[in-house]
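run-v3.pdb follows (PDB, C-alpha atoms, pLDDT in the B column):
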ATOM      1  CA  MET A   1      88.310   5.977  33.984  1.00 59.00           C
ATOM      2  CA  ALA A   2      87.149   4.137  30.869  1.00 75.00           C
ATOM      3  CA  ILE A   3      84.045   2.010  31.086  1.00 82.00           C
ATOM      4  CA  SER A   4      83.508  -1.265  29.282  1.00 87.00           C
ATOM      5  CA  LYS A   5      81.364  -1.631  26.195  1.00 89.00           C
ATOM      6  CA  GLU A   6      78.983  -3.809  28.203  1.00 91.00           C
ATOM      7  CA  ARG A   7      78.525  -1.066  30.821  1.00 90.00           C
ATOM      8  CA  LYS A   8      77.992   1.516  28.059  1.00 90.00           C
ATOM      9  CA  ASN A   9      75.224  -0.651  26.581  1.00 91.00           C
ATOM     10  CA  GLU A  10      73.633  -0.966  30.033  1.00 92.00           C
ATOM     11  CA  LEU A  11      73.676   2.812  30.482  1.00 91.00           C
ATOM     12  CA  VAL A  12      72.184   3.441  27.026  1.00 91.00           C
ATOM     13  CA  ALA A  13      69.413   0.917  27.803  1.00 93.00           C
ATOM     14  CA  GLN A  14      68.808   2.604  31.179  1.00 94.00           C
ATOM     15  CA  TYR A  15      68.641   6.049  29.544  1.00 92.00           C
ATOM     16  CA  MET A  16      66.267   4.749  26.858  1.00 93.00           C
ATOM     17  CA  ASP A  17      63.973   3.304  29.537  1.00 93.00           C
ATOM     18  CA  LEU A  18      63.969   6.612  31.419  1.00 93.00           C
ATOM     19  CA  LEU A  19      63.298   8.509  28.182  1.00 92.00           C
ATOM     20  CA  ARG A  20      60.405   6.181  27.328  1.00 92.00           C
ATOM     21  CA  ARG A  21      58.796   6.812  30.745  1.00 92.00           C
ATOM     22  CA  SER A  22      59.511  10.571  30.802  1.00 91.00           C
ATOM     23  CA  ASP A  23      57.304  13.436  29.706  1.00 88.00           C
ATOM     24  CA  ALA A  24      60.369  15.667  29.500  1.00 92.00           C
ATOM     25  CA  ILE A  25      64.061  15.811  30.314  1.00 93.00           C
ATOM     26  CA  PHE A  26      65.969  18.761  31.709  1.00 94.00           C
ATOM     27  CA  ILE A  27      69.703  19.178  31.233  1.00 94.00           C
ATOM     28  CA  THR A  28      71.755  20.784  33.988  1.00 93.00           C
ATOM     29  CA  GLU A  29      75.403  21.522  34.573  1.00 92.00           C
ATOM     30  CA  TYR A  30      76.684  20.446  37.960  1.00 89.00           C
ATOM     31  CA  THR A  31      80.312  21.622  37.868  1.00 85.00           C
ATOM     32  CA  GLY A  32      81.687  21.901  41.401  1.00 84.00           C
ATOM     33  CA  ALA A  33      78.731  20.168  43.069  1.00 85.00           C
ATOM     34  CA  ASN A  34      79.665  17.707  45.796  1.00 88.00           C
ATOM     35  CA  VAL A  35      77.946  14.407  46.580  1.00 91.00           C
ATOM     36  CA  LYS A  36      75.857  15.963  49.371  1.00 92.00           C
ATOM     37  CA  THR A  37      74.497  18.628  47.016  1.00 91.00           C
ATOM     38  CA  LEU A  38      73.683  16.062  44.329  1.00 91.00           C
ATOM     39  CA  GLU A  39      71.902  13.845  46.858  1.00 93.00           C
ATOM     40  CA  GLU A  40      69.870  16.838  48.046  1.00 93.00           C
ATOM     41  CA  LEU A  41      69.001  17.609  44.411  1.00 93.00           C
ATOM     42  CA  ARG A  42      67.992  13.985  43.784  1.00 93.00           C
ATOM     43  CA  SER A  43      65.720  14.157  46.819  1.00 94.00           C
ATOM     44  CA  LYS A  44      63.990  17.311  45.532  1.00 93.00           C
ATOM     45  CA  VAL A  45      63.622  15.771  42.075  1.00 93.00           C
ATOM     46  CA  TYR A  46      62.192  12.571  43.566  1.00 94.00           C
ATOM     47  CA  GLU A  47      59.583  14.636  45.453  1.00 92.00           C
ATOM     48  CA  ALA A  48      58.585  16.123  42.073  1.00 90.00           C
ATOM     49  CA  GLN A  49      58.097  12.593  40.670  1.00 91.00           C
ATOM     50  CA  GLY A  50      61.302  12.526  38.701  1.00 93.00           C
ATOM     51  CA  GLU A  51      64.782  11.093  38.658  1.00 94.00           C
ATOM     52  CA  TYR A  52      68.090  12.896  38.395  1.00 94.00           C
ATOM     53  CA  HIS A  53      71.153  11.157  36.975  1.00 93.00           C
ATOM     54  CA  VAL A  54      74.670  12.249  36.203  1.00 92.00           C
ATOM     55  CA  THR A  55      74.730  11.214  32.552  1.00 91.00           C
ATOM     56  CA  LYS A  56      77.423  10.447  30.028  1.00 91.00           C
ATOM     57  CA  ASN A  57      76.939  12.873  27.139  1.00 91.00           C
ATOM     58  CA  THR A  58      77.713  10.522  24.259  1.00 91.00           C
ATOM     59  CA  LEU A  59      75.627   7.712  25.735  1.00 93.00           C
ATOM     60  CA  LEU A  60      72.651  10.005  26.381  1.00 92.00           C
ATOM     61  CA  LYS A  61      72.945  11.263  22.787  1.00 92.00           C
ATOM     62  CA  HIS A  62      72.809   7.643  21.543  1.00 91.00           C
ATOM     63  CA  ALA A  63      69.742   6.992  23.710  1.00 92.00           C
ATOM     64  CA  LEU A  64      67.997  10.142  22.453  1.00 91.00           C
ATOM     65  CA  LYS A  65      68.689   9.216  18.825  1.00 91.00           C
ATOM     66  CA  ALA A  66      67.515   5.640  19.390  1.00 90.00           C
ATOM     67  CA  SER A  67      64.334   7.010  21.014  1.00 89.00           C
ATOM     68  CA  ASP A  68      63.691   9.317  18.023  1.00 88.00           C
ATOM     69  CA  MET A  69      63.993  12.395  20.193  1.00 89.00           C
ATOM     70  CA  PRO A  70      65.838  15.603  19.331  1.00 87.00           C
ATOM     71  CA  VAL A  71      69.389  15.758  20.599  1.00 86.00           C
ATOM     72  CA  PRO A  72      70.303  19.079  22.250  1.00 86.00           C
ATOM     73  CA  GLU A  73      73.979  18.952  21.206  1.00 85.00           C
ATOM     74  CA  LYS A  74      74.799  22.449  22.499  1.00 88.00           C
ATOM     75  CA  LEU A  75      73.466  21.612  25.967  1.00 87.00           C
ATOM     76  CA  MET A  76      75.428  18.408  26.335  1.00 87.00           C
ATOM     77  CA  VAL A  77      78.950  19.664  26.913  1.00 88.00           C
ATOM     78  CA  GLY A  78      80.946  19.198  30.104  1.00 88.00           C
ATOM     79  CA  GLN A  79      79.552  17.749  33.318  1.00 89.00           C
ATOM     80  CA  VAL A  80      75.888  17.122  32.636  1.00 91.00           C
ATOM     81  CA  GLY A  81      73.113  15.922  34.905  1.00 93.00           C
ATOM     82  CA  THR A  82      69.701  15.051  33.517  1.00 94.00           C
ATOM     83  CA  GLY A  83      66.356  15.340  35.229  1.00 94.00           C
ATOM     84  CA  PHE A  84      63.791  12.878  33.902  1.00 95.00           C
ATOM     85  CA  ALA A  85      60.141  13.958  34.435  1.00 93.00           C
ATOM     86  CA  LEU A  86      58.414  10.678  35.243  1.00 91.00           C
ATOM     87  CA  GLY A  87      55.316  12.521  36.459  1.00 84.00           C
ATOM     88  CA  ASN A  88      54.467  16.166  36.023  1.00 85.00           C
ATOM     89  CA  ALA A  89      57.004  18.038  33.846  1.00 89.00           C
ATOM     90  CA  PRO A  90      56.230  21.528  35.267  1.00 90.00           C
ATOM     91  CA  ALA A  91      56.687  20.205  38.825  1.00 90.00           C
ATOM     92  CA  LEU A  92      60.137  18.859  37.973  1.00 92.00           C
ATOM     93  CA  ALA A  93      61.063  22.063  36.148  1.00 93.00           C
ATOM     94  CA  LYS A  94      60.028  24.059  39.248  1.00 93.00           C
ATOM     95  CA  ALA A  95      62.070  21.782  41.533  1.00 93.00           C
ATOM     96  CA  LEU A  96      65.168  22.207  39.350  1.00 94.00           C
ATOM     97  CA  VAL A  97      64.703  25.973  38.958  1.00 94.00           C
ATOM     98  CA  ASP A  98      64.207  26.428  42.709  1.00 93.00           C
ATOM     99  CA  PHE A  99      67.228  24.278  43.528  1.00 93.00           C
ATOM    100  CA  ALA A 100      69.446  26.035  40.964  1.00 92.00           C
ATOM    101  CA  SER A 101      68.421  29.423  42.375  1.00 91.00           C
ATOM    102  CA  THR A 102      69.847  28.492  45.795  1.00 91.00           C
ATOM    103  CA  HIS A 103      72.857  26.441  44.644  1.00 90.00           C
ATOM    104  CA  ASP A 104      75.294  28.237  42.334  1.00 88.00           C
ATOM    105  CA  MET A 105      77.003  25.047  41.165  1.00 90.00           C
ATOM    106  CA  ILE A 106      73.791  23.772  39.521  1.00 90.00           C
ATOM    107  CA  LYS A 107      72.913  25.577  36.291  1.00 92.00           C
ATOM    108  CA  LEU A 108      69.951  24.886  34.042  1.00 92.00           C
ATOM    109  CA  ARG A 109      70.782  24.559  30.394  1.00 93.00           C
ATOM    110  CA  GLY A 110      67.491  23.532  28.803  1.00 92.00           C
ATOM    111  CA  GLY A 111      65.798  20.298  27.905  1.00 92.00           C
ATOM    112  CA  VAL A 112      63.459  18.363  25.679  1.00 92.00           C
ATOM    113  CA  LEU A 113      59.674  18.261  26.050  1.00 91.00           C
ATOM    114  CA  GLY A 114      58.085  15.741  23.692  1.00 85.00           C
ATOM    115  CA  ASN A 115      59.862  16.459  20.415  1.00 86.00           C
ATOM    116  CA  LYS A 116      60.596  20.103  21.181  1.00 90.00           C
ATOM    117  CA  MET A 117      63.906  21.378  22.472  1.00 91.00           C
ATOM    118  CA  LEU A 118      63.682  23.824  25.358  1.00 91.00           C
ATOM    119  CA  SER A 119      65.998  26.691  26.169  1.00 90.00           C
ATOM    120  CA  GLU A 120      66.782  27.723  29.735  1.00 91.00           C
ATOM    121  CA  ASP A 121      64.099  30.427  29.425  1.00 92.00           C
ATOM    122  CA  ASP A 122      61.567  27.815  28.291  1.00 91.00           C
ATOM    123  CA  VAL A 123      62.332  25.712  31.365  1.00 91.00           C
ATOM    124  CA  GLN A 124      61.938  28.809  33.572  1.00 91.00           C
ATOM    125  CA  ALA A 125      58.535  29.503  31.967  1.00 90.00           C
ATOM    126  CA  LEU A 126      57.476  25.873  32.368  1.00 89.00           C
ATOM    127  CA  ALA A 127      58.412  26.050  36.050  1.00 89.00           C
ATOM    128  CA  LYS A 128      55.985  28.951  36.524  1.00 88.00           C
ATOM    129  CA  LEU A 129      53.016  26.912  35.320  1.00 83.00           C
ATOM    130  CA  PRO A 130      50.681  25.691  38.044  1.00 76.00           C
ATOM    131  CA  SER A 131      51.005  22.067  39.070  1.00 69.00           C
ATOM    132  CA  LEU A 132      48.555  19.461  37.817  1.00 70.00           C
ATOM    133  CA  ASP A 133      46.802  19.443  41.207  1.00 75.00           C
ATOM    134  CA  GLN A 134      46.444  23.234  41.113  1.00 76.00           C
ATOM    135  CA  LEU A 135      45.025  23.077  37.575  1.00 75.00           C
ATOM    136  CA  ARG A 136      42.529  20.423  38.660  1.00 78.00           C
ATOM    137  CA  ALA A 137      41.455  22.563  41.617  1.00 81.00           C
ATOM    138  CA  GLN A 138      41.018  25.592  39.342  1.00 76.00           C
ATOM    139  CA  LEU A 139      38.988  23.539  36.866  1.00 77.00           C
ATOM    140  CA  ILE A 140      36.733  22.169  39.613  1.00 81.00           C
ATOM    141  CA  GLY A 141      36.285  25.702  40.942  1.00 77.00           C
ATOM    142  CA  MET A 142      35.312  26.932  37.474  1.00 75.00           C
ATOM    143  CA  ILE A 143      32.844  24.072  37.041  1.00 78.00           C
ATOM    144  CA  ASN A 144      31.470  24.507  40.560  1.00 71.00           C
ATOM    145  CA  ALA A 145      31.018  28.309  40.378  1.00 71.00           C
ATOM    146  CA  PRO A 146      28.018  28.323  37.992  1.00 72.00           C
ATOM    147  CA  ALA A 147      26.308  25.641  40.097  1.00 67.00           C
ATOM    148  CA  GLN A 148      26.849  27.701  43.252  1.00 69.00           C
ATOM    149  CA  ASN A 149      25.511  30.795  41.476  1.00 69.00           C
ATOM    150  CA  LEU A 150      22.440  28.858  40.317  1.00 64.00           C
ATOM    151  CA  VAL A 151      21.782  27.619  43.850  1.00 68.00           C
ATOM    152  CA  GLY A 152      22.147  31.193  45.106  1.00 72.00           C
ATOM    153  CA  VAL A 153      19.669  32.520  42.530  1.00 69.00           C
ATOM    154  CA  ILE A 154      17.134  29.776  43.300  1.00 76.00           C
ATOM    155  CA  ALA A 155      17.549  30.270  47.043  1.00 72.00           C
ATOM    156  CA  GLY A 156      17.177  34.027  46.583  1.00 72.00           C
ATOM    157  CA  GLY A 157      13.935  33.523  44.628  1.00 71.00           C
ATOM    158  CA  VAL A 158      12.579  31.170  47.285  1.00 71.00           C
ATOM    159  CA  ARG A 159      13.537  33.676  49.984  1.00 78.00           C
ATOM    160  CA  GLN A 160      11.650  36.427  48.144  1.00 77.00           C
ATOM    161  CA  VAL A 161       8.519  34.280  47.849  1.00 72.00           C
ATOM    162  CA  ILE A 162       8.713  33.403  51.565  1.00 78.00           C
ATOM    163  CA  ASN A 163       9.181  37.086  52.472  1.00 76.00           C
ATOM    164  CA  VAL A 164       6.131  38.072  50.372  1.00 74.00           C
ATOM    165  CA  ILE A 165       3.996  35.327  51.975  1.00 78.00           C
ATOM    166  CA  ASP A 166       5.243  36.296  55.449  1.00 75.00           C
ATOM    167  CA  ALA A 167       4.482  39.976  54.818  1.00 75.00           C
ATOM    168  CA  TYR A 168       1.020  39.095  53.508  1.00 72.00           C
ATOM    169  CA  ALA A 169       0.365  36.856  56.532  1.00 75.00           C
ATOM    170  CA  LYS A 170       1.445  39.606  58.909  1.00 77.00           C
ATOM    171  CA  SER A 171      -0.767  42.152  57.157  1.00 76.00           C
ATOM    172  CA  GLU A 172      -3.714  39.730  57.416  1.00 70.00           C
ATOM    173  CA  ASP A 173      -2.977  39.213  61.130  1.00 67.00           C
ATOM    174  CA  ASN A 174      -2.917  42.984  61.637  1.00 66.00           C
ATOM    175  CA  ALA A 175      -6.210  43.339  59.730  1.00 60.00           C
ATOM    176  CA  VAL A 176      -7.817  40.555  61.807  1.00 56.00           C
ATOM    177  CA  ASP A 177      -6.514  42.142  65.017  1.00 59.00           C
ATOM    178  CA  ALA A 178      -7.865  45.550  63.931  1.00 56.00           C
ATOM    179  CA  ASN A 179     -11.278  44.051  63.072  1.00 57.00           C
ATOM    180  CA  ALA A 180     -11.359  42.184  66.389  1.00 53.00           C
ATOM    181  CA  GLY A 181     -10.625  45.411  68.205  1.00 55.00           C
ATOM    182  CA  GLU A 182     -13.475  47.214  66.390  1.00 57.00           C
ATOM    183  CA  VAL A 183     -15.905  44.361  67.130  1.00 50.00           C
ATOM    184  CA  ALA A 184     -14.878  44.361  70.804  1.00 53.00           C
ATOM    185  CA  GLN A 185     -15.513  48.126  71.029  1.00 58.00           C
ATOM    186  CA  ALA A 186     -18.883  47.812  69.332  1.00 55.00           C
ATOM    187  CA  VAL A 187     -19.994  45.075  71.707  1.00 55.00           C
ATOM    188  CA  ALA A 188     -18.844  47.030  74.727  1.00 55.00           C
TER     189      ALA A 188
END
Rewritten as structure tokens:
Amino acid sequence: MAISKERKNELVAQYMDLLRRSDAIFITEYTGANVKTLEELRSKVYEAQGEYHVTKNTLLKHALKASDMPVPEKLMVGQVGTGFALGNAPALAKALVDFASTHDMIKLRGGVLGNKMLSEDDVQALAKLPSLDQLRAQLIGMINAPAQNLVGVIAGGVRQVINVIDAYAKSEDNAVDANAGEVAQAVA
């Protein structure tokens, strides 16, 4: 069914807005996918802070050109769905890779990250990266580790000083007790 020129302009504007807000886009093929499968995919993409749209190839190409982004011509053939990474690009890539691995009718083709075109293998590699939250946790752990080690060293030094003082005090107590015993025997 043909769409009006007005509707085409609306779609191009919508795509341009999504491209402007996206860190990356991922192109998929959805041949044979039913509405239920696409809704499930949209839900997974939404959880990864993204949006998934069935896109018109020529209109998406116009939007990419107008946004000064590379146009992955070879990827945009047939029934194409596009994942827009509105948050964390690796999280969206992981969601799409995981979904495609369990649903045969969804196939990753590649994408665009910044001004670089991505192959399917690039998207797979991006999906293996840790999430932003995991990277933050690792960074905090790396920053925190030297501080914990320093506290351990200081505490260990303090413990050693306390042990030396305690040992000295005990040896003095034993010496005093021994002298008291000798004095008691001499008096008796």
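For the atom pair formed by CA of Asp133 (chain A) and CA of Thr37 (chain A), the distance is 28.3 Å, given to one decimal.
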Distance of CA of Leu59 (chain A) from CA of Val12 (chain A), expressed in Å to one decimal place:
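Distance reported for this atom pair: 5.6 Å.
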A:Pro90, A:Glu172, A:Gly152, A:Ser101: which is nearest Leu126 (chain A), counting all atoms listed in the file?
A:Pro90
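As for CA of Ala24 (chain A) and CA of Leu113 (chain A), they are spaced 4.4 Å apart.
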From the list A:Met105, A:Ala125, A:Leu60, A:Lys65, which residue is nearest Val35 (chain A) when using only C-alpha atoms?
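Looking only at the distances to Val35 (chain A), the closest residue turns out to be A:Met105.
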Take the PyMOL selection byres ((chain A and resi 64) around 12), apply it to the structure above, and return the hits as a PDB file with C-alpha atoms, in the frame of the given file.
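In the end it all went to result_4.pdb:
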ATOM      1  CA  VAL A  12      72.184   3.441  27.026  1.00 91.00           C
ATOM      2  CA  ALA A  13      69.413   0.917  27.803  1.00 93.00           C
ATOM      3  CA  GLN A  14      68.808   2.604  31.179  1.00 94.00           C
ATOM      4  CA  TYR A  15      68.641   6.049  29.544  1.00 92.00           C
ATOM      5  CA  MET A  16      66.267   4.749  26.858  1.00 93.00           C
ATOM      6  CA  ASP A  17      63.973   3.304  29.537  1.00 93.00           C
ATOM      7  CA  LEU A  18      63.969   6.612  31.419  1.00 93.00           C
ATOM      8  CA  LEU A  19      63.298   8.509  28.182  1.00 92.00           C
ATOM      9  CA  ARG A  20      60.405   6.181  27.328  1.00 92.00           C
ATOM     10  CA  SER A  22      59.511  10.571  30.802  1.00 91.00           C
ATOM     11  CA  ALA A  24      60.369  15.667  29.500  1.00 92.00           C
ATOM     12  CA  ILE A  25      64.061  15.811  30.314  1.00 93.00           C
ATOM     13  CA  ASN A  57      76.939  12.873  27.139  1.00 91.00           C
ATOM     14  CA  THR A  58      77.713  10.522  24.259  1.00 91.00           C
ATOM     15  CA  LEU A  59      75.627   7.712  25.735  1.00 93.00           C
ATOM     16  CA  LEU A  60      72.651  10.005  26.381  1.00 92.00           C
ATOM     17  CA  LYS A  61      72.945  11.263  22.787  1.00 92.00           C
ATOM     18  CA  HIS A  62      72.809   7.643  21.543  1.00 91.00           C
ATOM     19  CA  ALA A  63      69.742   6.992  23.710  1.00 92.00           C
ATOM     20  CA  LYS A  65      68.689   9.216  18.825  1.00 91.00           C
ATOM     21  CA  ALA A  66      67.515   5.640  19.390  1.00 90.00           C
ATOM     22  CA  SER A  67      64.334   7.010  21.014  1.00 89.00           C
ATOM     23  CA  ASP A  68      63.691   9.317  18.023  1.00 88.00           C
ATOM     24  CA  MET A  69      63.993  12.395  20.193  1.00 89.00           C
ATOM     25  CA  PRO A  70      65.838  15.603  19.331  1.00 87.00           C
ATOM     26  CA  VAL A  71      69.389  15.758  20.599  1.00 86.00           C
ATOM     27  CA  PRO A  72      70.303  19.079  22.250  1.00 86.00           C
ATOM     28  CA  GLU A  73      73.979  18.952  21.206  1.00 85.00           C
ATOM     29  CA  MET A  76      75.428  18.408  26.335  1.00 87.00           C
ATOM     30  CA  GLY A 111      65.798  20.298  27.905  1.00 92.00           C
ATOM     31  CA  VAL A 112      63.459  18.363  25.679  1.00 92.00           C
ATOM     32  CA  GLY A 114      58.085  15.741  23.692  1.00 85.00           C
ATOM     33  CA  ASN A 115      59.862  16.459  20.415  1.00 86.00           C
ATOM     34  CA  MET A 117      63.906  21.378  22.472  1.00 91.00           C
TER      35      MET A 117
END
Using the chain letters and residue numbers of this document, give as a PDB file with C-alpha atoms, in the frame of the given file the residues selected by the PyMOL selection byres ((chain A and resi 132) around 10).
ATOM      1  CA  GLY A  87      55.316  12.521  36.459  1.00 84.00           C
ATOM      2  CA  ASN A  88      54.467  16.166  36.023  1.00 85.00           C
ATOM      3  CA  ALA A  89      57.004  18.038  33.846  1.00 89.00           C
ATOM      4  CA  PRO A  90      56.230  21.528  35.267  1.00 90.00           C
ATOM      5  CA  ALA A  91      56.687  20.205  38.825  1.00 90.00           C
ATOM      6  CA  LEU A 129      53.016  26.912  35.320  1.00 83.00           C
ATOM      7  CA  PRO A 130      50.681  25.691  38.044  1.00 76.00           C
ATOM      8  CA  SER A 131      51.005  22.067  39.070  1.00 69.00           C
ATOM      9  CA  ASP A 133      46.802  19.443  41.207  1.00 75.00           C
ATOM     10  CA  GLN A 134      46.444  23.234  41.113  1.00 76.00           C
ATOM     11  CA  LEU A 135      45.025  23.077  37.575  1.00 75.00           C
ATOM     12  CA  ARG A 136      42.529  20.423  38.660  1.00 78.00           C
ATOM     13  CA  ALA A 137      41.455  22.563  41.617  1.00 81.00           C
ATOM     14  CA  GLN A 138      41.018  25.592  39.342  1.00 76.00           C
TER      15      GLN A 138
END
Result set, the PyMOL selection byres ((chain A and resi 100) around 12) on current file, as a compact mmCIF listing (two decimals) with C-alpha atoms, keeping the file's coordinate frame:
# COMPACT_ATOMS: atom_id res chain seq x y z
CA ILE A 27 69.70 19.18 31.23
CA THR A 28 71.76 20.78 33.99
CA GLU A 29 75.40 21.52 34.57
CA TYR A 30 76.68 20.45 37.96
CA ALA A 33 78.73 20.17 43.07
CA THR A 37 74.50 18.63 47.02
CA LEU A 38 73.68 16.06 44.33
CA GLU A 40 69.87 16.84 48.05
CA LEU A 41 69.00 17.61 44.41
CA LYS A 44 63.99 17.31 45.53
CA VAL A 45 63.62 15.77 42.08
CA ALA A 93 61.06 22.06 36.15
CA LYS A 94 60.03 24.06 39.25
CA ALA A 95 62.07 21.78 41.53
CA LEU A 96 65.17 22.21 39.35
CA VAL A 97 64.70 25.97 38.96
CA ASP A 98 64.21 26.43 42.71
CA PHE A 99 67.23 24.28 43.53
CA SER A 101 68.42 29.42 42.38
CA THR A 102 69.85 28.49 45.80
CA HIS A 103 72.86 26.44 44.64
CA ASP A 104 75.29 28.24 42.33
CA MET A 105 77.00 25.05 41.16
CA ILE A 106 73.79 23.77 39.52
CA LYS A 107 72.91 25.58 36.29
CA LEU A 108 69.95 24.89 34.04
CA ARG A 109 70.78 24.56 30.39
CA GLU A 120 66.78 27.72 29.74
CA VAL A 123 62.33 25.71 31.36
CA GLN A 124 61.94 28.81 33.57
Do a neighbour search on Thr55 (chain A) at 7 Å with only C-alpha atoms, toss out local chain neighbours closer than 3 positions, and write the hits as a short mmCIF file (atom, residue, chain, number, x, y, z; two decimals) with C-alpha atoms, keeping the file's coordinate frame.
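The resulting file, selection27.cif, is shown below:
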data_model
loop_
_atom_site.label_atom_id
_atom_site.label_comp_id
_atom_site.auth_asym_id
_atom_site.auth_seq_id
_atom_site.Cartn_x
_atom_site.Cartn_y
_atom_site.Cartn_z
CA LEU A 60 72.65 10.01 26.38
CA VAL A 80 75.89 17.12 32.64
CA GLY A 81 73.11 15.92 34.90
CA THR A 82 69.70 15.05 33.52
#
Using only C-alpha atoms, which protein or nucleic acid residues come within 12 Å of Ile3 (chain A)? Drop anything in the same chain fewer than 5 positions from it, and give the result as a ChimeraX atom specification.
/A:8-11,56,59
Draw an axis-aligned box tight on the listed atoms of region 16-35 of chain A, then pad every side by 4 Å and write out centre and edge lengths in Å to one decimal as lines of an AutoDock Vina configuration file.
center_x = 69.5
center_y = 12.6
center_z = 36.7
size_x = 32.4
size_y = 26.6
size_z = 27.7
